[in-house]
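Colleague: To be precise about what I am sending: the file is called run_19.txt and holds compact mmCIF, C-alpha atoms.
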# COMPACT_ATOMS: atom_id res chain seq x y z
CA MET A 1 21.66 0.17 1.20
CA ARG A 2 19.98 -0.21 4.61
CA ARG A 3 19.18 -3.73 5.74
CA PHE A 4 15.88 -4.06 7.61
CA GLU A 5 16.17 -7.64 8.84
CA GLY A 6 16.45 -7.86 12.61
CA ASN A 7 16.06 -4.10 13.13
CA THR A 8 13.13 -2.59 15.03
CA TYR A 9 10.99 0.02 13.28
CA TRP A 10 8.31 2.04 15.02
CA ILE A 11 5.55 3.04 12.60
CA ILE A 12 3.21 5.74 13.91
CA GLY A 13 -0.01 5.83 11.91
CA ALA A 14 0.00 2.13 11.07
CA SER A 15 -3.68 1.14 11.21
CA GLU A 16 -4.83 2.17 7.73
CA GLY A 17 -3.71 2.81 4.16
CA LEU A 18 -0.03 3.53 3.62
CA GLY A 19 0.91 2.80 7.24
CA ARG A 20 -0.64 -0.64 7.18
CA ALA A 21 0.91 -1.47 3.80
CA LEU A 22 4.28 -0.20 5.01
CA ALA A 23 4.08 -2.46 8.06
CA GLU A 24 3.42 -5.45 5.80
CA ALA A 25 6.29 -4.48 3.47
CA LEU A 26 8.81 -4.04 6.30
CA SER A 27 7.67 -7.27 7.92
CA HIS A 28 8.36 -9.02 4.61
CA GLU A 29 11.89 -7.58 4.81
CA GLY A 30 12.38 -9.21 8.20
CA ALA A 31 12.02 -6.15 10.40
CA HIS A 32 10.69 -6.19 13.96
CA LEU A 33 7.78 -3.78 14.22
CA VAL A 34 6.13 -1.57 16.79
CA LEU A 35 2.83 -0.36 15.34
CA SER A 36 1.00 2.67 16.71
CA ALA A 37 -2.30 4.42 16.08
CA ARG A 38 -5.46 5.20 18.05
CA ASN A 39 -7.46 2.26 16.68
CA VAL A 40 -6.62 -0.56 19.11
CA PRO A 41 -8.69 -3.37 17.46
CA ARG A 42 -7.24 -2.60 14.03
CA LEU A 43 -3.67 -2.61 15.37
CA GLU A 44 -4.22 -5.91 17.14
CA GLU A 45 -5.68 -7.40 13.96
CA ILE A 46 -2.62 -6.34 11.95
CA CYS A 47 -0.19 -7.65 14.56
CA LYS A 48 -1.86 -11.06 14.57
CA ASN A 49 -0.98 -11.45 10.89
CA LEU A 50 2.61 -10.16 11.07
CA PRO A 51 5.51 -11.94 12.75
CA ASN A 52 7.53 -9.90 15.23
CA ALA A 53 4.97 -7.09 15.45
CA ARG A 54 3.47 -5.56 18.58
CA ALA A 55 0.99 -2.76 19.13
CA VAL A 56 1.45 0.38 21.21
CA SER A 57 -1.66 2.52 20.81
CA PHE A 58 -1.71 6.23 21.64
CA ASP A 59 -2.88 9.63 20.42
CA VAL A 60 -0.19 11.90 18.94
CA THR A 61 -2.17 14.98 20.02
CA ASP A 62 -1.70 14.07 23.70
CA LEU A 63 1.81 14.79 25.00
CA ASP A 64 1.37 12.65 28.11
CA ALA A 65 0.26 9.74 25.93
CA VAL A 66 3.27 10.28 23.66
CA CYS A 67 5.62 10.15 26.65
CA ARG A 68 4.03 6.93 27.92
CA ALA A 69 4.29 5.37 24.45
CA VAL A 70 7.98 6.28 24.15
CA ASP A 71 8.64 4.57 27.49
CA GLU A 72 6.65 1.49 26.44
CA VAL A 73 8.34 1.18 23.05
CA GLY A 74 11.86 1.42 24.48
CA THR A 75 14.80 1.01 22.12
CA PHE A 76 14.22 1.12 18.37
CA ASP A 77 16.35 1.49 15.25
CA GLY A 78 14.00 3.43 13.01
CA LEU A 79 10.95 5.67 13.35
CA VAL A 80 8.35 6.37 10.67
CA TYR A 81 5.95 9.25 11.35
CA ASN A 82 2.96 8.53 9.12
CA ALA A 83 0.17 9.83 11.36
CA GLY A 84 -2.10 12.04 9.31
CA THR A 85 -5.63 13.19 8.76
CA TYR A 86 -7.42 15.17 6.07
CA ASP A 87 -10.65 16.94 5.29
CA PRO A 88 -11.18 19.08 2.18
CA ILE A 89 -11.72 22.63 3.47
CA ASN A 90 -12.27 25.62 1.23
CA THR A 91 -11.28 29.04 2.56
CA ALA A 92 -14.82 30.30 1.94
CA ASP A 93 -16.16 27.47 4.12
CA TRP A 94 -13.54 27.71 6.85
CA ASN A 95 -13.91 25.14 9.62
CA THR A 96 -11.59 26.13 12.45
CA LYS A 97 -12.12 22.98 14.53
CA SER A 98 -11.32 20.70 11.60
CA ALA A 99 -8.37 22.81 10.46
CA LEU A 100 -6.78 22.73 13.91
CA ALA A 101 -7.35 18.98 14.24
CA ILE A 102 -5.59 18.36 10.93
CA SER A 103 -2.60 20.49 11.88
CA ASP A 104 -2.41 18.90 15.34
CA VAL A 105 -2.05 15.39 13.92
CA ASN A 106 -0.04 16.08 10.77
CA TYR A 107 2.50 18.53 12.20
CA SER A 108 2.22 19.19 15.95
CA GLY A 109 1.99 15.44 16.56
CA ALA A 110 5.34 15.02 14.84
CA LEU A 111 6.82 17.72 17.08
CA ARG A 112 5.62 15.85 20.16
CA VAL A 113 6.96 12.48 19.02
CA LEU A 114 10.28 13.80 17.76
CA GLY A 115 10.76 15.95 20.83
CA GLU A 116 10.53 12.86 23.02
CA THR A 117 12.70 10.58 20.84
CA VAL A 118 15.35 12.58 18.96
CA PRO A 119 17.40 13.67 22.01
CA GLY A 120 17.82 10.01 23.02
CA LEU A 121 18.83 9.00 19.50
CA ILE A 122 21.41 11.78 19.40
CA GLN A 123 22.81 10.63 22.72
CA GLU A 124 23.12 7.10 21.35
CA GLY A 125 24.65 8.41 18.12
CA ARG A 126 22.36 6.35 15.91
CA GLY A 127 18.84 6.15 14.54
CA ASP A 128 16.80 6.48 11.36
CA ILE A 129 13.80 8.83 11.04
CA THR A 130 11.37 8.93 8.11
CA LEU A 131 8.72 11.62 7.93
CA ILE A 132 5.83 11.02 5.52
CA GLY A 133 4.94 14.35 3.95
CA SER A 134 3.00 15.01 0.77
CA LEU A 135 3.46 16.64 -2.62
CA ALA A 136 0.66 18.95 -1.42
CA GLY A 137 3.24 20.51 0.89
CA TYR A 138 5.10 22.06 -2.01
CA HIS A 139 2.40 24.41 -3.23
CA GLY A 140 -0.86 25.90 -2.02
CA LEU A 141 -3.75 23.97 -3.56
CA PRO A 142 -7.51 24.54 -3.63
CA ASN A 143 -9.59 23.15 -0.75
CA ALA A 144 -6.48 22.26 1.28
CA ILE A 145 -6.73 24.63 4.23
CA SER A 146 -4.56 23.17 7.01
CA TYR A 147 -3.63 19.96 5.17
CA GLY A 148 -1.26 21.58 2.67
CA SER A 149 0.24 23.97 5.21
CA SER A 150 0.74 21.18 7.77
CA LYS A 151 2.63 19.12 5.20
CA ALA A 152 4.65 22.18 4.16
CA ALA A 153 5.58 22.64 7.81
CA LEU A 154 6.61 18.97 8.04
CA ILE A 155 8.88 19.37 5.01
CA SER A 156 10.44 22.48 6.55
CA LEU A 157 10.95 20.61 9.83
CA ALA A 158 12.74 17.78 8.04
CA GLU A 159 14.98 20.26 6.20
CA THR A 160 15.94 21.96 9.46
CA MET A 161 16.64 18.62 11.14
CA ARG A 162 18.79 17.56 8.20
CA HIS A 163 21.07 20.53 8.89
CA ASP A 164 21.08 20.10 12.66
CA LEU A 165 21.61 16.33 12.73
CA ALA A 166 24.67 16.34 10.48
CA GLY A 167 27.45 14.41 12.18
CA THR A 168 25.23 13.02 14.97
CA GLY A 169 24.76 9.55 13.48
CA VAL A 170 21.00 10.12 13.20
CA THR A 171 19.54 9.97 9.69
CA ILE A 172 16.47 12.05 8.77
CA ARG A 173 14.54 11.84 5.49
CA ILE A 174 11.32 13.23 4.07
CA VAL A 175 9.15 11.16 1.71
CA ASN A 176 6.45 13.02 -0.21
CA PRO A 177 3.88 10.82 -1.98
CA GLY A 178 1.20 12.00 -4.35
CA PHE A 179 -2.37 10.69 -4.22
CA ILE A 180 -2.84 7.31 -2.53
CA LYS A 181 -6.12 5.40 -2.61
CA THR A 182 -7.24 5.51 1.06
CA ARG A 183 -10.27 6.40 3.15
CA LEU A 184 -8.89 9.96 3.30
CA THR A 185 -8.56 10.51 -0.44
CA ASP A 186 -12.01 8.96 -0.87
CA LYS A 187 -13.26 12.31 0.46
CA ASN A 188 -12.06 14.05 -2.71
CA SER A 189 -14.60 14.74 -5.44
CA PHE A 190 -12.03 15.61 -8.13
CA LYS A 191 -9.98 13.37 -10.42
CA MET A 192 -6.67 12.55 -8.73
CA PRO A 193 -3.78 12.16 -11.20
CA MET A 194 -1.58 9.07 -10.98
CA LEU A 195 -3.55 7.64 -8.03
CA MET A 196 -1.51 4.86 -6.34
CA THR A 197 -2.45 1.86 -4.26
CA PRO A 198 -1.15 1.81 -0.67
CA GLU A 199 0.98 -1.21 -1.56
CA ASP A 200 2.69 0.58 -4.46
CA ALA A 201 3.34 3.63 -2.30
CA ALA A 202 4.68 1.46 0.54
CA ASP A 203 7.16 -0.23 -1.80
CA ARG A 204 8.46 3.20 -2.82
CA VAL A 205 8.77 4.29 0.80
CA VAL A 206 10.73 1.14 1.65
CA ARG A 207 13.10 1.83 -1.24
CA ALA A 208 13.56 5.37 0.03
CA MET A 209 14.27 4.06 3.53
CA SER A 210 16.93 1.71 2.16
CA ARG A 211 18.98 4.69 1.01
CA ARG A 212 20.54 7.67 2.78
CA ARG A 213 19.05 10.17 0.30
CA PHE A 214 17.27 12.95 2.17
CA ARG A 215 14.26 13.64 -0.07
CA THR A 216 12.09 11.32 -2.12
CA ASP A 217 9.09 12.60 -4.12
CA PHE A 218 6.81 10.33 -6.13
CA PRO A 219 5.25 9.49 -8.50
CA ALA A 220 7.08 11.08 -11.41
CA PRO A 221 6.22 13.05 -13.53
CA PHE A 222 3.47 14.36 -11.21
CA SER A 223 6.06 15.20 -8.56
CA TRP A 224 8.12 17.12 -11.14
CA LEU A 225 5.07 19.18 -12.04
CA MET A 226 4.39 20.05 -8.40
CA ARG A 227 7.96 21.22 -7.88
CA LEU A 228 7.91 23.16 -11.16
CA ILE A 229 4.88 25.24 -10.16
CA ASP A 230 6.95 27.19 -7.63
CA TYR A 231 9.23 28.38 -10.43
CA LEU A 232 6.40 29.72 -12.56
CA PRO A 233 5.41 33.42 -12.37
CA ASP A 234 2.41 34.08 -10.12
CA ILE A 235 0.60 35.66 -13.07
CA LEU A 236 0.49 32.21 -14.70
CA VAL A 237 -0.30 30.16 -11.62
CA TYR A 238 -3.11 32.40 -10.38
CA ARG A 239 -4.45 33.63 -13.73
CA GLY A 240 -8.15 34.41 -13.48
CA LYS A 241 -8.15 34.01 -9.70
Let me see the file written as structure tokens.
Modeller:
Amino acid sequence: MRRFEGNTYWIIGASEGLGRALAEALSHEGAHLVLSARNVPRLEEICKNLPNARAVSFDVTDLDAVCRAVDEVGTFDGLVYNAGTYDPINTADWNTKSALAISDVNYSGALRVLGETVPGLIQEGRGDITLIGSLAGYHGLPNAISYGSSKAALISLAETMRHDLAGTGVTIRIVNPGFIKTRLTDKNSFKMPMLMTPEDAADRVVRAMSRRRFRTDFPAPFSWLMRLIDYLPDILVYRGK
């Protein structure tokens, strides 16, 4: 079990929803926090209410800004990449600008951040990295142009890093939640099964971070169903489509 007390965790995407709840949960565990997002006032508000928390605002889509943030943050024990955005986009109503923006935050942003932090962690022979994916990354879903594929790419990235980081002392994990009640999921017009509060989801992420297990999917049994779909014949999955 990993002990959080006294360790420094850098949460990227900490101003809303899961990120904010995760910051509160880790603070309760005694962790020192560096909180990042683009929303400076919101970050400062959160830091005022959490002991041992400081804000480093930047945009994950800007490599120069990422580099400056890495320098400002300095040494840390754990990194959580939770930056994400979402818009429901149907293929028939393709919005290229929105699709690229989603991919740039959800996946390319992770590449920028990890590219500027992982080499240093490997050199130190220590570090803990948590990537927040999504159950939507396991299977193509309706109205999820860019979002689903960006999360699938993030899962693939974590799997590759798991192989490559073996024996380096750096731990990598992927955590894939289902639907969480946030300003992003408020955009959905359909019924979302097993919808969680950010606080419930954050508690599950903290439990995942306390272990060395690589992959955590929740909530069950919804996560089991999402993984099962890939084993079904296409004729069943896409019947009538």
Colleague: With all atoms listed in the file as the basis for distance, which of A:Arg20, A:Lys191, A:Arg173, A:Arg215 is at the shortest distance from Leu35 of chain A?
Modeller: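 Closest candidate: A:Arg20.
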Colleague: Find the spatial neighbours of Ala37 of chain A, counting all atoms listed in the file, within a cut-off of 6 Å - ignore same-chain residues fewer than 4 positions away - and output them as a compact mmCIF listing (two decimals) with C-alpha atoms, keeping the file's coordinate frame.
Modeller:
# COMPACT_ATOMS: atom_id res chain seq x y z
CA GLY A 13 -0.01 5.83 11.91
CA ALA A 14 0.00 2.13 11.07
CA SER A 57 -1.66 2.52 20.81
CA PHE A 58 -1.71 6.23 21.64
Colleague: What does the structure give for the distance between atom CA of Ile145 of chain A and atom CA of Ile180 of chain A, in Å to one decimal?
Modeller: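 Computing it gives 19.0 Å between the two atoms.
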Colleague: Measuring between only C-alpha atoms, which one of A:Leu114, A:Leu43, A:Val80, A:Ala99 shows the shortest distance to Leu157 of chain A?
Modeller: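 Residue with the minimum atom-to-atom distance to Leu157 of chain A: A:Leu114.
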Colleague: Per residue of segment 23-124 of chain A within 10 Å of segment 200-203 of chain A, note the shortest atom pair and the distance in Å to one decimal, counting all atoms listed in the file, and order the rows by chain and increasing residue number, as JSON lines.
Modeller:
{"residue": "A:Ala23", "atom": "CA", "partner": "A:Ala202", "partner_atom": "CA", "distance": 8.5}
{"residue": "A:Glu24", "atom": "CA", "partner": "A:Ala202", "partner_atom": "CA", "distance": 8.8}
{"residue": "A:Ala25", "atom": "CA", "partner": "A:Ala202", "partner_atom": "CA", "distance": 6.8}
{"residue": "A:Leu26", "atom": "CA", "partner": "A:Ala202", "partner_atom": "CA", "distance": 9.0}
Colleague: Of the residues A:Cys67, A:Met209, A:Leu22, A:Ala220, which is the one nearest to Glu116 of chain A, using all atoms listed in the file?
Modeller: A:Cys67
Colleague: What does the distance from atom CA of Asp128 of chain A to atom CA of Lys151 of chain A come to in Å, to one decimal?
Modeller: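 Interatomic distance, atom CA of Asp128 of chain A to atom CA of Lys151 of chain A: 20.0 Å.
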Colleague: State, in Å with one decimal place, the distance from atom CA of Leu131 of chain A to atom CA of Ala152 of chain A.
Modeller: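 Separation between atom CA of Leu131 of chain A and atom CA of Ala152 of chain A: 11.9 Å.
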Colleague: To test the calculation: enclose all listed atoms of segment 9-12 of chain A in a box whose edges run along x, y and z, add 8 Å on each side, then state centre and edge lengths in Å to one decimal, as JSON.
Modeller:
{"center_x": 7.1, "center_y": 2.9, "center_z": 13.8, "size_x": 23.8, "size_y": 21.7, "size_z": 18.4}
Colleague: Pick the closest to Val70 of chain A from A:Val113, A:Leu121, A:Ile89, A:Ala21: which is it, counting only C-alpha atoms?
Modeller: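 Distance minimum relative to Val70 of chain A lands on A:Val113.
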Colleague: Could you tell me which of A:Thr216, A:Asp77, A:Thr85, A:Ile11 comes closest to Arg54 of chain A if we count all atoms listed in the file?
Modeller: A:Ile11
Colleague: For Tyr86 of chain A, work out the shell of residues within 12 Å, counting all atoms listed in the file and skipping chain neighbours fewer than 2 positions away, then give it as a PyMOL selection string.
Modeller: chain A and resi 83-84+88-89+98-106+134+136+143-151+182-188
Colleague: In terms of the shortest atom-to-atom distance over only C-alpha atoms, which of A:Phe4, A:Phe214, A:Phe76, A:Tyr9 is closest to Arg126 of chain A?
Modeller: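 Checking each candidate against Arg126 of chain A, we get A:Phe76 as the closest.
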Colleague: Could you model N, CA and C atoms for segment 140-172 of chain A and present them as a JSON list (two decimals), in the coordinates of the input?
Modeller:
[["chain", "number", "residue", "atom", "x", "y", "z"],
["A", 140, "GLY", "N", 0.51, 25.71, -2.46],
["A", 140, "GLY", "CA", -0.86, 25.90, -2.02],
["A", 140, "GLY", "C", -1.86, 25.41, -3.06],
["A", 141, "LEU", "N", -2.78, 24.56, -2.65],
["A", 141, "LEU", "CA", -3.75, 23.97, -3.56],
["A", 141, "LEU", "C", -5.17, 24.29, -3.10],
["A", 142, "PRO", "N", -6.12, 24.26, -4.01],
["A", 142, "PRO", "CA", -7.51, 24.54, -3.63],
["A", 142, "PRO", "C", -8.03, 23.53, -2.60],
["A", 143, "ASN", "N", -8.89, 24.01, -1.71],
["A", 143, "ASN", "CA", -9.59, 23.15, -0.75],
["A", 143, "ASN", "C", -8.64, 22.39, 0.19],
["A", 144, "ALA", "N", -7.47, 22.96, 0.44],
["A", 144, "ALA", "CA", -6.48, 22.26, 1.28],
["A", 144, "ALA", "C", -6.08, 23.08, 2.49],
["A", 145, "ILE", "N", -7.01, 23.90, 3.00],
["A", 145, "ILE", "CA", -6.73, 24.63, 4.23],
["A", 145, "ILE", "C", -6.25, 23.66, 5.30],
["A", 146, "SER", "N", -5.17, 23.94, 5.92],
["A", 146, "SER", "CA", -4.56, 23.17, 7.01],
["A", 146, "SER", "C", -3.78, 21.95, 6.51],
["A", 147, "TYR", "N", -4.36, 21.15, 5.62],
["A", 147, "TYR", "CA", -3.63, 19.96, 5.17],
["A", 147, "TYR", "C", -2.34, 20.35, 4.46],
["A", 148, "GLY", "N", -2.44, 21.19, 3.44],
["A", 148, "GLY", "CA", -1.26, 21.58, 2.67],
["A", 148, "GLY", "C", -0.24, 22.29, 3.54],
["A", 149, "SER", "N", -0.70, 23.21, 4.37],
["A", 149, "SER", "CA", 0.24, 23.97, 5.21],
["A", 149, "SER", "C", 0.88, 23.07, 6.27],
["A", 150, "SER", "N", 0.15, 22.08, 6.78],
["A", 150, "SER", "CA", 0.74, 21.18, 7.77],
["A", 150, "SER", "C", 1.82, 20.32, 7.14],
["A", 151, "LYS", "N", 1.62, 19.90, 5.90],
["A", 151, "LYS", "CA", 2.63, 19.12, 5.20],
["A", 151, "LYS", "C", 3.81, 19.99, 4.79],
["A", 152, "ALA", "N", 3.56, 21.25, 4.45],
["A", 152, "ALA", "CA", 4.65, 22.18, 4.16],
["A", 152, "ALA", "C", 5.51, 22.37, 5.40],
["A", 153, "ALA", "N", 4.85, 22.49, 6.56],
["A", 153, "ALA", "CA", 5.58, 22.64, 7.81],
["A", 153, "ALA", "C", 6.41, 21.40, 8.11],
["A", 154, "LEU", "N", 5.89, 20.22, 7.80],
["A", 154, "LEU", "CA", 6.61, 18.97, 8.04],
["A", 154, "LEU", "C", 7.86, 18.90, 7.16],
["A", 155, "ILE", "N", 7.73, 19.34, 5.90],
["A", 155, "ILE", "CA", 8.88, 19.37, 5.01],
["A", 155, "ILE", "C", 9.94, 20.33, 5.54],
["A", 156, "SER", "N", 9.51, 21.51, 5.98],
["A", 156, "SER", "CA", 10.44, 22.48, 6.55],
["A", 156, "SER", "C", 11.14, 21.93, 7.79],
["A", 157, "LEU", "N", 10.38, 21.23, 8.64],
["A", 157, "LEU", "CA", 10.95, 20.61, 9.83],
["A", 157, "LEU", "C", 12.03, 19.62, 9.45],
["A", 158, "ALA", "N", 11.75, 18.77, 8.47],
["A", 158, "ALA", "CA", 12.74, 17.78, 8.04],
["A", 158, "ALA", "C", 13.99, 18.46, 7.50],
["A", 159, "GLU", "N", 13.82, 19.54, 6.74],
["A", 159, "GLU", "CA", 14.98, 20.26, 6.20],
["A", 159, "GLU", "C", 15.85, 20.84, 7.31],
["A", 160, "THR", "N", 15.20, 21.41, 8.32],
["A", 160, "THR", "CA", 15.94, 21.96, 9.46],
["A", 160, "THR", "C", 16.68, 20.85, 10.20],
["A", 161, "MET", "N", 16.01, 19.73, 10.43],
["A", 161, "MET", "CA", 16.64, 18.62, 11.14],
["A", 161, "MET", "C", 17.80, 18.05, 10.35],
["A", 162, "ARG", "N", 17.69, 18.06, 9.03],
["A", 162, "ARG", "CA", 18.79, 17.56, 8.20],
["A", 162, "ARG", "C", 20.06, 18.36, 8.47],
["A", 163, "HIS", "N", 19.92, 19.68, 8.56],
["A", 163, "HIS", "CA", 21.07, 20.53, 8.89],
["A", 163, "HIS", "C", 21.59, 20.21, 10.29],
["A", 164, "ASP", "N", 20.69, 20.19, 11.25],
["A", 164, "ASP", "CA", 21.08, 20.10, 12.66],
["A", 164, "ASP", "C", 21.62, 18.73, 13.06],
["A", 165, "LEU", "N", 21.20, 17.68, 12.36],
["A", 165, "LEU", "CA", 21.61, 16.33, 12.73],
["A", 165, "LEU", "C", 22.87, 15.86, 12.03],
["A", 166, "ALA", "N", 23.44, 16.71, 11.18],
["A", 166, "ALA", "CA", 24.67, 16.34, 10.48],
["A", 166, "ALA", "C", 25.76, 16.00, 11.49],
["A", 167, "GLY", "N", 26.36, 14.83, 11.32],
["A", 167, "GLY", "CA", 27.45, 14.41, 12.18],
["A", 167, "GLY", "C", 27.03, 13.76, 13.48],
["A", 168, "THR", "N", 25.70, 13.61, 13.71],
["A", 168, "THR", "CA", 25.23, 13.02, 14.97],
["A", 168, "THR", "C", 25.07, 11.50, 14.88],
["A", 169, "GLY", "N", 25.04, 10.97, 13.66],
["A", 169, "GLY", "CA", 24.76, 9.55, 13.48],
["A", 169, "GLY", "C", 23.29, 9.25, 13.29],
["A", 170, "VAL", "N", 22.45, 10.28, 13.38],
["A", 170, "VAL", "CA", 21.00, 10.12, 13.20],
["A", 170, "VAL", "C", 20.63, 10.56, 11.79],
["A", 171, "THR", "N", 19.96, 9.69, 11.06],
["A", 171, "THR", "CA", 19.54, 9.97, 9.69],
["A", 171, "THR", "C", 18.10, 10.46, 9.68],
["A", 172, "ILE", "N", 17.83, 11.53, 8.93],
["A", 172, "ILE", "CA", 16.47, 12.05, 8.77],
["A", 172, "ILE", "C", 16.16, 12.13, 7.28]]
